[in-house]
Amino acid sequence: MFHKITIRTNILTNFMIVVGLVAASLLGLQYYFSQKMALDATHKTFKKIAEKITLHIQAGDRLSKAMLYHTELYPGIADTISEKLPLETISRYAHNMQLNNNIYAIYVGHANGNFFEVVNMHSSTELHKVFKAPKNTRWMVIKIYNAPQGRIRSFDYLDETFTLIASRNEPSRYLANTRPWFTQATQSDKATRSDPYLFSNLGQKGITFSKTISDTGAVLAIDFTLLKLNALLRQQSFAPTSKIYMFGRDGSIIASSISDEEQVNAPLSNALKEGKADRMFSYDKDGKQIFAMVTTLSNELGSNTYLGFSVDADVMLRPYLEKILYSLGAALLFLVLSIPMILYATSRIAKPVKALMAENEKIRERRFDEVRPLETNIIELAELSDSLVSMSESIRAYQESQKELMDSFIKLIADAIDAKSSYTGGHCKRVPVIAMMLARVASDRNEGSFKDFRFESEDDWREFEIGAWLHDCGKITTPEYVVDKATKLETIYNRIHEIRSRFEMIWRDIEIEYYERIIKGEDKTALEEWKAQQHRDLLDDFAFIAESNIGGEYMSDEKKERIRSIAKHTWVRHFDDRLGLSDTELMRYAGVEKRPVPAVEQLLSDRPEHLIERVGFDADAYRKDGFKLEVPKYLCNYGEIYNLCIEKGTLTDDERFKINEHVIKSIKMLERLPYPEHMARIPEYAGTHHETMIGTGYPRRLTKDDLSVPARIMAIADIFEALTASDRPYKKGKTLSEAIKIMSFMKKEEHIDAELFELFLRSDIYKEYAKQYLKSEQIDEVDLEAYLG
């Protein structure tokens with residue numbers, strides 16, 4: 001089921017959804033292009049930093065090479081291997097190292113493998129420990145050369161003033177002419193630079209610049225540490241989360257902007273190995289997106305040196321996201337500010353729509369004369385209004401046709417009932433008159449049970465009147481001989497004639513017996529007296545049977561016993577009792593033994609073929625429909641003794657059920673019809689007029705609490721008409737006083753509603769009805785004081 005909302009809410013919601021979708025799309029596009037711009041900006045930033053680092057390193061390289069060329073010009077630069085320390089050369093080396101803190105050592109290697117080196121002891125605090133130098137050593141001179149005792153390495157420790165503090169020697173197999181920096185320099189006529197490598201004594205990475213000394217075969221070299229390079233990379237970090245790495249050709253990290261323990265970056269290393277240089281890419285780390293790139297640095301630090309960059313995407317996207325948030329805020333502000341304008345705009349639509357709803361409500365309530373076209377400048381609503389007016393006229397015409405159809409249907413049923421039983425047809429016409437008169441009076445009362453009762457509309461009155469007209473429509477299914485059964489033996493005809501014929505045969509048999517006995521010589525006088533007595537008894541018995549057939553008085557047990565006694569008289573049947581019967585009649589004789597003729601028969605009998613089985617009865621459906629009227633075992637019982645022994649009236653139990661069943665038939669017929677909403681209570685009004693206030697009525701044994709005021713009105717109207725009707729063949733119509741008296745007993749026994757009965761009397765409805773429909777001899781005085789509390 002859909003959740004219902006107003007048109008204003010609908011339009012407002014749709015507008016906000018559309019604006020929201022547009023805003024979301026624009027923000028999505030803005031985010032997409034912002035991310036792209038952030039990537040481009042990051043790429044440019046990386047390239048710019050790479051250029052700065054390259055320029056810085058290139059400047060350092062030029063300075064280092066210039067220092068190398070300058071140092072080469074020192075006199076006696078290659079004459080360093082001697083027993084006496086070359087203090088002038090040492091001081092010049094020291095001066096150069098003081099100018100550049102990145103210089104770890106300056107040294108000379110000779111073609112014969114000899115080696116001379118001056119070490120800056122301030123390069124690292126670990127040097128004193130490694131070289132076992134005295135505490136105040138500022139410079140250390142290492143010489144490797146061949147001595148009489150073999151090849152040695154000598155260590156001379158100098159203070160700040162180049163004064164010798166201590167010396168020591170140790171054996172050595174080191175040959176300078178085999179080192180990469182030496183061979184690399186001898187293969188070039190220019191200054192060369194090594195790839196970064198680990199200085200074993202220093203425990204740090206560095207590079208070596210080397211150059212051959214002209215005309216000597218010796219090589220001058222300078223060792224630079226890369227500690228300052230880490231600082232340089234840190235200086236170039238452009239964000240707190242940015243990281244810069246310098247990679248060698250093998251992917252190892254030469255320097256970085258972060259601490260040593262964080263220097264592993266697998267994505268950058270993988271990108272380097274996969275050859276993804278100068279291309280931006282991203283990866284996830286701990287749930288965060290990282291922008292990264294690897295780019296070639298230059299050949300200044302050696303071949304295939306690379307810079308790697310990484311930074312959190314959030315950092316680069318933040319300025320753009322802030323703009324997006326500003327845009328989102330602006331969109332939300334626009335939405336909020338537009339709501340009053342939208343509400344105003346929708347009110348111009350909602351107002352005529354509500355007016356249309358009001359017109360539609362008039363149609364629903366069938367107030368067609370009040371439906372008017374709507375004045376609006378909205379074309380669609382104006383067209384809808386015209387359509388609504390047209391629909392109203394169409395529905396009105398259709399309703400009139402349906403009303404005519406319903407009236408024709410009621411007339412058809414009434415005519416059918418009237419054609420079948422004129423007095424039943426008259427009853428169906430007169431009950432609505434009484435019911436409508438009483439309903440009008442009750443509807444005007446505001447006290448008691450009538451306080452909440454009101455027929456508000458013409459439809460309410462019509463619904464009630466139709467229910468009254470159709471209250472006995474089920475009698476169309478009731479056999480005519482049952483409805484009009486004036487005597488106990490009546491079926492399609494009055495079987496008293498058949499019984500009289502049997503008496504006639506017995507009368508004749510008495511006459512025959514009389515003459516037969518005279519022929520035999522019996523006394524004629526005695527026989528005449530016997531015959532006369534037999535005839536008198538026969539006449540008396542027939543008169544009793546005929547009187548019992550009328551059903552006027554209560555049938556006592558003594559009378560029932562006399563009927564059974566009379567029934568024992570016999571007569572002789574000489575003809576086959578199954579000749580000339582229909583197939584249906586012959587079926588009743590199934591299982592009954594056929595007696596040969598002549599056959600002695602009782603004057604009256606209850607025979608098996610008199611019992612008609614009830615077939616096709618669905619007891620479960622009967623109970624499910626709420627019917628509680630007791631259903632007799634047999635559909636019909638035509639037994640002669642059984643019918644003559646009816647205690648009161650002319651109807652047997654099965655015939656009484658057949659009469660009462662007309663209410664059930666009425667209900668079932670009427671409930672099958674597809675009524676409009678304003679006619680839905682017709683089955684209730686038509687099907688409750690035989691119920692009582694205490695649940696002793698039929699067919700559902702409803703009580704006063706179950707019955708509406710109109711249903712209780714129907715009961716009074718039905719009873720009063722039935723009592724006063726003078727056109728019924730089986731009884732005379734009661735006078736007013738007799739009818740009111742009987743109804744007063746019914747009130748005391750709670751068969752009818754006491755308040756309605758009192759209202760019926762006080763309003764003189766019975767008099768008004770009597771003037772129109774009762775015979776003059778039926779209209780007499782009624783003592784109201786005897787019946788009003």
# chains A, B, ... in the order shown; residues from 1 in each chain; ligands from 1
$ residues_around --residues "A:Ile324" --least-positions-apart "3" --cutoff "10 Å" --atoms "only C-alpha atoms" --output "JSON list (two decimals) with N, CA, C and O atoms, in the first residue's frame"
[["chain", "number", "residue", "atom", "x", "y", "z"],
["A", 26, "LEU", "N", 26.01, 17.76, -10.00],
["A", 26, "LEU", "CA", 27.01, 18.81, -10.16],
["A", 26, "LEU", "C", 28.14, 18.66, -9.15],
["A", 26, "LEU", "O", 29.32, 18.82, -9.49],
["A", 27, "LEU", "N", 27.75, 18.31, -7.91],
["A", 27, "LEU", "CA", 28.78, 18.10, -6.89],
["A", 27, "LEU", "C", 29.63, 16.89, -7.23],
["A", 27, "LEU", "O", 30.84, 16.88, -7.00],
["A", 28, "GLY", "N", 28.96, 15.85, -7.79],
["A", 28, "GLY", "CA", 29.72, 14.67, -8.21],
["A", 28, "GLY", "C", 30.70, 15.01, -9.31],
["A", 28, "GLY", "O", 31.87, 14.58, -9.28],
["A", 30, "GLN", "N", 31.82, 17.99, -9.88],
["A", 30, "GLN", "CA", 32.83, 18.87, -9.29],
["A", 30, "GLN", "C", 33.88, 18.05, -8.54],
["A", 30, "GLN", "O", 35.08, 18.34, -8.61],
["A", 31, "TYR", "N", 33.38, 17.03, -7.82],
["A", 31, "TYR", "CA", 34.31, 16.17, -7.08],
["A", 31, "TYR", "C", 35.23, 15.43, -8.05],
["A", 31, "TYR", "O", 36.44, 15.32, -7.83],
["A", 34, "SER", "N", 37.54, 17.87, -9.47],
["A", 34, "SER", "CA", 38.43, 18.31, -8.38],
["A", 34, "SER", "C", 39.50, 17.25, -8.13],
["A", 34, "SER", "O", 40.67, 17.58, -7.92],
["A", 318, "ARG", "N", 41.75, 18.48, -0.08],
["A", 318, "ARG", "CA", 41.10, 19.33, 0.92],
["A", 318, "ARG", "C", 40.66, 20.69, 0.37],
["A", 318, "ARG", "O", 39.51, 21.11, 0.60],
["A", 319, "PRO", "N", 41.52, 21.41, -0.34],
["A", 319, "PRO", "CA", 41.06, 22.72, -0.85],
["A", 319, "PRO", "C", 39.87, 22.59, -1.78],
["A", 319, "PRO", "O", 38.95, 23.42, -1.76],
["A", 320, "TYR", "N", 39.87, 21.52, -2.58],
["A", 320, "TYR", "CA", 38.77, 21.33, -3.52],
["A", 320, "TYR", "C", 37.50, 20.87, -2.78],
["A", 320, "TYR", "O", 36.39, 21.28, -3.12],
["A", 321, "LEU", "N", 37.71, 19.99, -1.76],
["A", 321, "LEU", "CA", 36.56, 19.52, -0.98],
["A", 321, "LEU", "C", 35.93, 20.68, -0.22],
["A", 321, "LEU", "O", 34.70, 20.71, -0.03],
["A", 327, "SER", "N", 29.88, 24.74, -1.91],
["A", 327, "SER", "CA", 28.85, 24.59, -2.93],
["A", 327, "SER", "C", 27.63, 23.86, -2.38],
["A", 327, "SER", "O", 26.48, 24.22, -2.65],
["A", 328, "LEU", "N", 27.90, 22.80, -1.58],
["A", 328, "LEU", "CA", 26.81, 22.05, -0.96],
["A", 328, "LEU", "C", 26.02, 22.93, -0.01],
["A", 328, "LEU", "O", 24.78, 22.91, 0.01],
["A", 329, "GLY", "N", 26.74, 23.71, 0.78],
["A", 329, "GLY", "CA", 26.07, 24.63, 1.69],
["A", 329, "GLY", "C", 25.21, 25.63, 0.94],
["A", 329, "GLY", "O", 24.07, 25.93, 1.35],
["A", 330, "ALA", "N", 25.75, 26.13, -0.17],
["A", 330, "ALA", "CA", 24.99, 27.08, -0.98],
["A", 330, "ALA", "C", 23.74, 26.43, -1.56],
["A", 330, "ALA", "O", 22.65, 27.03, -1.61]]
$ residues_around --residues "stretch 460-477 of chain A" --least-positions-apart "3" --cutoff "6 Å" --atoms "only C-alpha atoms" --output "list in words"
Ile417, Cys428, Pro432, Phe455, Ser457, His662, Lys665, Ser666, Met679, Ile682, Tyr685 and Ala686 of chain A
$ write_last_selection --atoms "N, CA and C atoms" --output "PDB file, in the first residue's frame"
ATOM      1  N   ILE A 417     -45.067 -12.280  -7.342  1.00  0.00           N
ATOM      2  CA  ILE A 417     -45.693 -12.738  -6.092  1.00  0.00           C
ATOM      3  C   ILE A 417     -47.205 -12.568  -6.172  1.00  0.00           C
ATOM      4  N   CYS A 428     -47.054  -7.468   0.533  1.00  0.00           N
ATOM      5  CA  CYS A 428     -45.771  -6.849   0.172  1.00  0.00           C
ATOM      6  C   CYS A 428     -45.936  -5.364  -0.157  1.00  0.00           C
ATOM      7  N   PRO A 432     -44.699  -1.811   3.410  1.00  0.00           N
ATOM      8  CA  PRO A 432     -43.893  -0.591   3.295  1.00  0.00           C
ATOM      9  C   PRO A 432     -44.637   0.676   3.717  1.00  0.00           C
ATOM     10  N   PHE A 455     -32.863   9.010   9.506  1.00  0.00           N
ATOM     11  CA  PHE A 455     -32.625   8.828   8.074  1.00  0.00           C
ATOM     12  C   PHE A 455     -32.283  10.206   7.518  1.00  0.00           C
ATOM     13  N   SER A 457     -30.762  11.164   4.547  1.00  0.00           N
ATOM     14  CA  SER A 457     -30.826  11.497   3.127  1.00  0.00           C
ATOM     15  C   SER A 457     -31.951  10.737   2.434  1.00  0.00           C
ATOM     16  N   HIS A 662     -39.091 -18.656   3.757  1.00  0.00           N
ATOM     17  CA  HIS A 662     -39.126 -17.555   2.784  1.00  0.00           C
ATOM     18  C   HIS A 662     -38.180 -16.425   3.214  1.00  0.00           C
ATOM     19  N   LYS A 665     -34.782 -17.471   2.143  1.00  0.00           N
ATOM     20  CA  LYS A 665     -34.687 -17.294   0.695  1.00  0.00           C
ATOM     21  C   LYS A 665     -34.556 -15.810   0.344  1.00  0.00           C
ATOM     22  N   SER A 666     -35.297 -14.967   1.046  1.00  0.00           N
ATOM     23  CA  SER A 666     -35.213 -13.523   0.796  1.00  0.00           C
ATOM     24  C   SER A 666     -33.793 -13.026   1.047  1.00  0.00           C
ATOM     25  N   MET A 679     -27.157   1.319  -0.662  1.00  0.00           N
ATOM     26  CA  MET A 679     -28.233   0.328  -0.659  1.00  0.00           C
ATOM     27  C   MET A 679     -27.814  -0.960   0.046  1.00  0.00           C
ATOM     28  N   ILE A 682     -30.201  -3.216   2.517  1.00  0.00           N
ATOM     29  CA  ILE A 682     -31.485  -3.779   2.082  1.00  0.00           C
ATOM     30  C   ILE A 682     -31.688  -5.201   2.618  1.00  0.00           C
ATOM     31  N   TYR A 685     -32.751  -5.022   6.330  1.00  0.00           N
ATOM     32  CA  TYR A 685     -34.118  -4.565   6.557  1.00  0.00           C
ATOM     33  C   TYR A 685     -35.134  -5.612   6.124  1.00  0.00           C
ATOM     34  N   ALA A 686     -34.845  -6.309   5.034  1.00  0.00           N
ATOM     35  CA  ALA A 686     -35.801  -7.279   4.496  1.00  0.00           C
ATOM     36  C   ALA A 686     -35.779  -8.597   5.259  1.00  0.00           C
TER      37      ALA A 686
END
$ atom_distance --atom1 "atom CA of A:Asp620" --atom2 "atom CA of A:Asp706"
22.7 Å
$ select_by_dssp --residues "stretch 149-264 of chain A" --states "helix (DSSP H, G or I)" --output "VMD selection string"
chain A and resid 176 to 178 180 to 186 227 to 235 260 to 262
$ write_last_selection --atoms "N, CA, C and O atoms" --output "PDB file, in the first residue's frame"
ATOM      1  N   ALA A 176      94.775   0.914  -3.277  1.00  0.00           N
ATOM      2  CA  ALA A 176      93.939   2.001  -3.791  1.00  0.00           C
ATOM      3  C   ALA A 176      93.646   1.830  -5.275  1.00  0.00           C
ATOM      4  O   ALA A 176      92.563   2.213  -5.757  1.00  0.00           O
ATOM      5  N   ASN A 177      94.628   1.290  -6.005  1.00  0.00           N
ATOM      6  CA  ASN A 177      94.460   1.224  -7.455  1.00  0.00           C
ATOM      7  C   ASN A 177      93.417   0.206  -7.906  1.00  0.00           C
ATOM      8  O   ASN A 177      93.109   0.083  -9.080  1.00  0.00           O
ATOM      9  N   THR A 178      92.853  -0.539  -6.940  1.00  0.00           N
ATOM     10  CA  THR A 178      91.823  -1.532  -7.295  1.00  0.00           C
ATOM     11  C   THR A 178      90.407  -1.028  -6.961  1.00  0.00           C
ATOM     12  O   THR A 178      89.428  -1.698  -7.266  1.00  0.00           O
ATOM     13  N   PRO A 180      86.895   1.111  -7.047  1.00  0.00           N
ATOM     14  CA  PRO A 180      86.058   1.615  -8.142  1.00  0.00           C
ATOM     15  C   PRO A 180      86.290   3.089  -8.426  1.00  0.00           C
ATOM     16  O   PRO A 180      86.309   3.499  -9.588  1.00  0.00           O
ATOM     17  N   TRP A 181      86.438   3.873  -7.359  1.00  0.00           N
ATOM     18  CA  TRP A 181      86.615   5.319  -7.587  1.00  0.00           C
ATOM     19  C   TRP A 181      87.909   5.604  -8.332  1.00  0.00           C
ATOM     20  O   TRP A 181      88.014   6.565  -9.069  1.00  0.00           O
ATOM     21  N   PHE A 182      88.945   4.711  -8.103  1.00  0.00           N
ATOM     22  CA  PHE A 182      90.244   4.888  -8.754  1.00  0.00           C
ATOM     23  C   PHE A 182      90.132   4.509 -10.229  1.00  0.00           C
ATOM     24  O   PHE A 182      90.527   5.254 -11.123  1.00  0.00           O
ATOM     25  N   THR A 183      89.596   3.329 -10.474  1.00  0.00           N
ATOM     26  CA  THR A 183      89.505   2.852 -11.858  1.00  0.00           C
ATOM     27  C   THR A 183      88.570   3.724 -12.675  1.00  0.00           C
ATOM     28  O   THR A 183      88.807   3.960 -13.865  1.00  0.00           O
ATOM     29  N   GLN A 184      87.488   4.207 -12.042  1.00  0.00           N
ATOM     30  CA  GLN A 184      86.532   5.065 -12.738  1.00  0.00           C
ATOM     31  C   GLN A 184      87.193   6.374 -13.169  1.00  0.00           C
ATOM     32  O   GLN A 184      86.960   6.862 -14.268  1.00  0.00           O
ATOM     33  N   ALA A 185      88.073   6.921 -12.273  1.00  0.00           N
ATOM     34  CA  ALA A 185      88.744   8.198 -12.588  1.00  0.00           C
ATOM     35  C   ALA A 185      89.788   8.023 -13.684  1.00  0.00           C
ATOM     36  O   ALA A 185      89.949   8.902 -14.548  1.00  0.00           O
ATOM     37  N   THR A 186      90.492   6.888 -13.637  1.00  0.00           N
ATOM     38  CA  THR A 186      91.561   6.684 -14.635  1.00  0.00           C
ATOM     39  C   THR A 186      90.995   6.448 -16.008  1.00  0.00           C
ATOM     40  O   THR A 186      91.721   6.543 -17.005  1.00  0.00           O
ATOM     41  N   LEU A 227      73.840  12.767   4.407  1.00  0.00           N
ATOM     42  CA  LEU A 227      72.966  13.194   5.500  1.00  0.00           C
ATOM     43  C   LEU A 227      72.261  14.498   5.158  1.00  0.00           C
ATOM     44  O   LEU A 227      71.092  14.694   5.452  1.00  0.00           O
ATOM     45  N   LYS A 228      72.963  15.391   4.558  1.00  0.00           N
ATOM     46  CA  LYS A 228      72.368  16.669   4.198  1.00  0.00           C
ATOM     47  C   LYS A 228      71.304  16.511   3.112  1.00  0.00           C
ATOM     48  O   LYS A 228      70.400  17.326   2.982  1.00  0.00           O
ATOM     49  N   LEU A 229      71.427  15.405   2.344  1.00  0.00           N
ATOM     50  CA  LEU A 229      70.422  15.149   1.317  1.00  0.00           C
ATOM     51  C   LEU A 229      69.073  14.814   1.942  1.00  0.00           C
ATOM     52  O   LEU A 229      68.020  15.221   1.454  1.00  0.00           O
ATOM     53  N   ASN A 230      69.076  14.051   3.065  1.00  0.00           N
ATOM     54  CA  ASN A 230      67.829  13.756   3.793  1.00  0.00           C
ATOM     55  C   ASN A 230      67.168  15.048   4.246  1.00  0.00           C
ATOM     56  O   ASN A 230      65.952  15.219   4.156  1.00  0.00           O
ATOM     57  N   ALA A 231      68.043  15.966   4.783  1.00  0.00           N
ATOM     58  CA  ALA A 231      67.510  17.253   5.238  1.00  0.00           C
ATOM     59  C   ALA A 231      66.921  18.030   4.064  1.00  0.00           C
ATOM     60  O   ALA A 231      65.884  18.690   4.187  1.00  0.00           O
ATOM     61  N   LEU A 232      67.620  17.941   2.913  1.00  0.00           N
ATOM     62  CA  LEU A 232      67.120  18.632   1.726  1.00  0.00           C
ATOM     63  C   LEU A 232      65.737  18.099   1.335  1.00  0.00           C
ATOM     64  O   LEU A 232      64.815  18.867   1.024  1.00  0.00           O
ATOM     65  N   LEU A 233      65.580  16.761   1.373  1.00  0.00           N
ATOM     66  CA  LEU A 233      64.282  16.176   1.012  1.00  0.00           C
ATOM     67  C   LEU A 233      63.199  16.578   2.010  1.00  0.00           C
ATOM     68  O   LEU A 233      62.050  16.810   1.629  1.00  0.00           O
ATOM     69  N   ARG A 234      63.578  16.653   3.291  1.00  0.00           N
ATOM     70  CA  ARG A 234      62.601  17.077   4.290  1.00  0.00           C
ATOM     71  C   ARG A 234      62.178  18.528   4.058  1.00  0.00           C
ATOM     72  O   ARG A 234      61.010  18.890   4.247  1.00  0.00           O
ATOM     73  N   GLN A 235      63.151  19.352   3.647  1.00  0.00           N
ATOM     74  CA  GLN A 235      62.834  20.759   3.376  1.00  0.00           C
ATOM     75  C   GLN A 235      61.842  20.903   2.226  1.00  0.00           C
ATOM     76  O   GLN A 235      61.060  21.848   2.181  1.00  0.00           O
ATOM     77  N   ASP A 260      64.517   6.489   9.298  1.00  0.00           N
ATOM     78  CA  ASP A 260      64.977   5.254   8.660  1.00  0.00           C
ATOM     79  C   ASP A 260      63.972   4.122   8.791  1.00  0.00           C
ATOM     80  O   ASP A 260      63.777   3.327   7.878  1.00  0.00           O
ATOM     81  N   GLU A 261      63.295   4.035   9.965  1.00  0.00           N
ATOM     82  CA  GLU A 261      62.417   2.890  10.181  1.00  0.00           C
ATOM     83  C   GLU A 261      61.152   2.961   9.320  1.00  0.00           C
ATOM     84  O   GLU A 261      60.409   2.001   9.204  1.00  0.00           O
ATOM     85  N   GLU A 262      60.877   4.138   8.709  1.00  0.00           N
ATOM     86  CA  GLU A 262      59.692   4.277   7.864  1.00  0.00           C
ATOM     87  C   GLU A 262      60.030   4.244   6.379  1.00  0.00           C
ATOM     88  O   GLU A 262      59.203   4.558   5.548  1.00  0.00           O
TER      89      GLU A 262
END
$ residues_around --residues "A:Ala382" --least-positions-apart "2" --cutoff "12 Å" --atoms "only C-alpha atoms" --output "list in words"
Ile349, Pro352, Val353, Ala355, Leu356, Arg372, Pro373, Leu374, Glu375, Thr376, Asn377, Ile378, Ile379, Glu380, Leu384, Ser385, Asp386, Ser387, Leu388 and Val389 of chain A
$ residues_around --residues "A:Ala546" --least-positions-apart "2" --cutoff "10 Å" --atoms "only C-alpha atoms" --output "PyMOL selection string"
chain A and resi 487-489+496-497+499-500+540-544+548-551+644
$ select_by_dssp --residues "stretch 486-648 of chain A" --states "strand (DSSP E)" --output "number ranges by chain"
A: 570-573, 599-602, 611-613, 634-637
$ closest_residue --among "A:Asn660, A:Ser763, A:Thr650, A:Ser124" --to "A:Arg445" --atoms "only C-alpha atoms"
A:Ser763
$ residues_around --residues "A:Ala218" --least-positions-apart "6" --cutoff "12 Å" --atoms "only C-alpha atoms" --output "short mmCIF file (atom, residue, chain, number, x, y, z; two decimals) with N, CA, C and O atoms, in the first residue's frame"
data_model
loop_
_atom_site.label_atom_id
_atom_site.label_comp_id
_atom_site.auth_asym_id
_atom_site.auth_seq_id
_atom_site.Cartn_x
_atom_site.Cartn_y
_atom_site.Cartn_z
N GLU A 72 93.40 19.83 -6.90
CA GLU A 72 94.40 19.21 -7.77
C GLU A 72 95.58 20.16 -8.04
O GLU A 72 96.70 19.71 -8.26
N GLY A 76 102.58 19.71 -4.78
CA GLY A 76 102.96 18.53 -4.02
C GLY A 76 101.79 17.69 -3.58
O GLY A 76 101.88 16.94 -2.62
N ILE A 77 100.65 17.87 -4.30
CA ILE A 77 99.43 17.15 -3.90
C ILE A 77 99.60 15.65 -3.99
O ILE A 77 99.01 14.89 -3.24
N ALA A 78 100.48 15.22 -4.92
CA ALA A 78 100.65 13.78 -5.10
C ALA A 78 101.78 13.24 -4.25
O ALA A 78 101.98 12.03 -4.17
N ASP A 79 102.61 14.14 -3.61
CA ASP A 79 103.75 13.68 -2.82
C ASP A 79 103.36 13.63 -1.35
O ASP A 79 103.76 14.46 -0.52
N THR A 80 102.51 12.69 -0.99
CA THR A 80 101.99 12.63 0.38
C THR A 80 102.51 11.44 1.14
O THR A 80 102.32 11.35 2.36
N ILE A 81 103.13 10.47 0.47
CA ILE A 81 103.61 9.28 1.17
C ILE A 81 105.05 9.50 1.60
O ILE A 81 105.97 9.42 0.79
N TYR A 107 91.24 12.28 -0.17
CA TYR A 107 92.35 11.33 -0.20
C TYR A 107 92.92 11.23 -1.59
O TYR A 107 92.29 11.66 -2.57
N VAL A 108 94.13 10.60 -1.64
CA VAL A 108 94.85 10.41 -2.92
C VAL A 108 95.26 8.95 -3.01
O VAL A 108 95.77 8.37 -2.06
N GLY A 109 94.99 8.36 -4.16
CA GLY A 109 95.41 6.99 -4.42
C GLY A 109 96.46 6.99 -5.53
O GLY A 109 96.34 7.72 -6.51
N HIS A 110 97.49 6.20 -5.32
CA HIS A 110 98.58 6.16 -6.30
C HIS A 110 98.49 4.91 -7.14
O HIS A 110 97.83 3.93 -6.76
N ALA A 111 99.15 4.96 -8.27
CA ALA A 111 99.13 3.84 -9.21
C ALA A 111 99.73 2.59 -8.62
O ALA A 111 99.40 1.48 -9.04
N ASN A 112 100.65 2.75 -7.62
CA ASN A 112 101.27 1.57 -6.98
C ASN A 112 100.40 1.03 -5.84
O ASN A 112 100.82 0.15 -5.10
N GLY A 113 99.22 1.59 -5.63
CA GLY A 113 98.30 1.10 -4.61
C GLY A 113 98.39 1.86 -3.31
O GLY A 113 97.59 1.60 -2.40
N ASN A 114 99.43 2.77 -3.18
CA ASN A 114 99.54 3.53 -1.94
C ASN A 114 98.35 4.48 -1.79
O ASN A 114 97.70 4.89 -2.77
N PHE A 115 98.12 4.88 -0.54
CA PHE A 115 96.90 5.61 -0.25
C PHE A 115 97.18 6.63 0.85
O PHE A 115 97.84 6.33 1.85
N PHE A 116 96.68 7.89 0.66
CA PHE A 116 96.81 8.94 1.65
C PHE A 116 95.44 9.59 1.82
O PHE A 116 94.82 10.01 0.84
N ALA A 176 94.77 0.91 -3.28
CA ALA A 176 93.94 2.00 -3.79
C ALA A 176 93.65 1.83 -5.28
O ALA A 176 92.56 2.21 -5.76
N ASN A 177 94.63 1.29 -6.01
CA ASN A 177 94.46 1.22 -7.46
C ASN A 177 93.42 0.21 -7.91
O ASN A 177 93.11 0.08 -9.08
N TRP A 181 86.44 3.87 -7.36
CA TRP A 181 86.61 5.32 -7.59
C TRP A 181 87.91 5.60 -8.33
O TRP A 181 88.01 6.57 -9.07
N PHE A 182 88.94 4.71 -8.10
CA PHE A 182 90.24 4.89 -8.75
C PHE A 182 90.13 4.51 -10.23
O PHE A 182 90.53 5.25 -11.12
N THR A 183 89.60 3.33 -10.47
CA THR A 183 89.51 2.85 -11.86
C THR A 183 88.57 3.72 -12.67
O THR A 183 88.81 3.96 -13.87
N ALA A 185 88.07 6.92 -12.27
CA ALA A 185 88.74 8.20 -12.59
C ALA A 185 89.79 8.02 -13.68
O ALA A 185 89.95 8.90 -14.55
N THR A 186 90.49 6.89 -13.64
CA THR A 186 91.56 6.68 -14.63
C THR A 186 91.00 6.45 -16.01
O THR A 186 91.72 6.54 -17.01
N SER A 210 85.97 11.72 -7.91
CA SER A 210 87.40 11.41 -8.12
C SER A 210 87.89 11.95 -9.46
O SER A 210 87.09 12.11 -10.39
N LYS A 211 89.25 12.24 -9.52
CA LYS A 211 89.83 12.77 -10.75
C LYS A 211 91.33 12.45 -10.75
O LYS A 211 92.00 12.52 -9.72
N THR A 212 91.82 12.09 -11.92
CA THR A 212 93.29 11.84 -12.01
C THR A 212 94.04 13.16 -11.91
O THR A 212 93.60 14.19 -12.42
#
$ atom_distance --atom1 "atom CA of A:Phe309" --atom2 "atom CA of A:Ile244"
4.7 Å
$ closest_residue --among "A:Asn270, A:Gln98, A:Thr208, A:Thr89" --to "A:Pro196" --atoms "only C-alpha atoms"
A:Thr208
$ decode --residues "stretch 321-325 of chain A" --atoms "N, CA, C and O atoms" --output "compact mmCIF listing (two decimals), in the first residue's frame"
# COMPACT_ATOMS: atom_id res chain seq x y z
N LEU A 321 37.71 19.99 -1.76
CA LEU A 321 36.56 19.52 -0.98
C LEU A 321 35.93 20.68 -0.22
O LEU A 321 34.70 20.71 -0.03
N GLU A 322 36.75 21.60 0.24
CA GLU A 322 36.20 22.77 0.93
C GLU A 322 35.31 23.56 -0.02
O GLU A 322 34.23 24.03 0.36
N LYS A 323 35.74 23.69 -1.26
CA LYS A 323 34.91 24.38 -2.25
C LYS A 323 33.62 23.61 -2.49
O LYS A 323 32.55 24.20 -2.65
N ILE A 324 33.74 22.25 -2.53
CA ILE A 324 32.55 21.42 -2.72
C ILE A 324 31.59 21.61 -1.55
O ILE A 324 30.37 21.71 -1.73
N LEU A 325 32.15 21.64 -0.33
CA LEU A 325 31.32 21.84 0.86
C LEU A 325 30.64 23.21 0.80
O LEU A 325 29.47 23.35 1.18
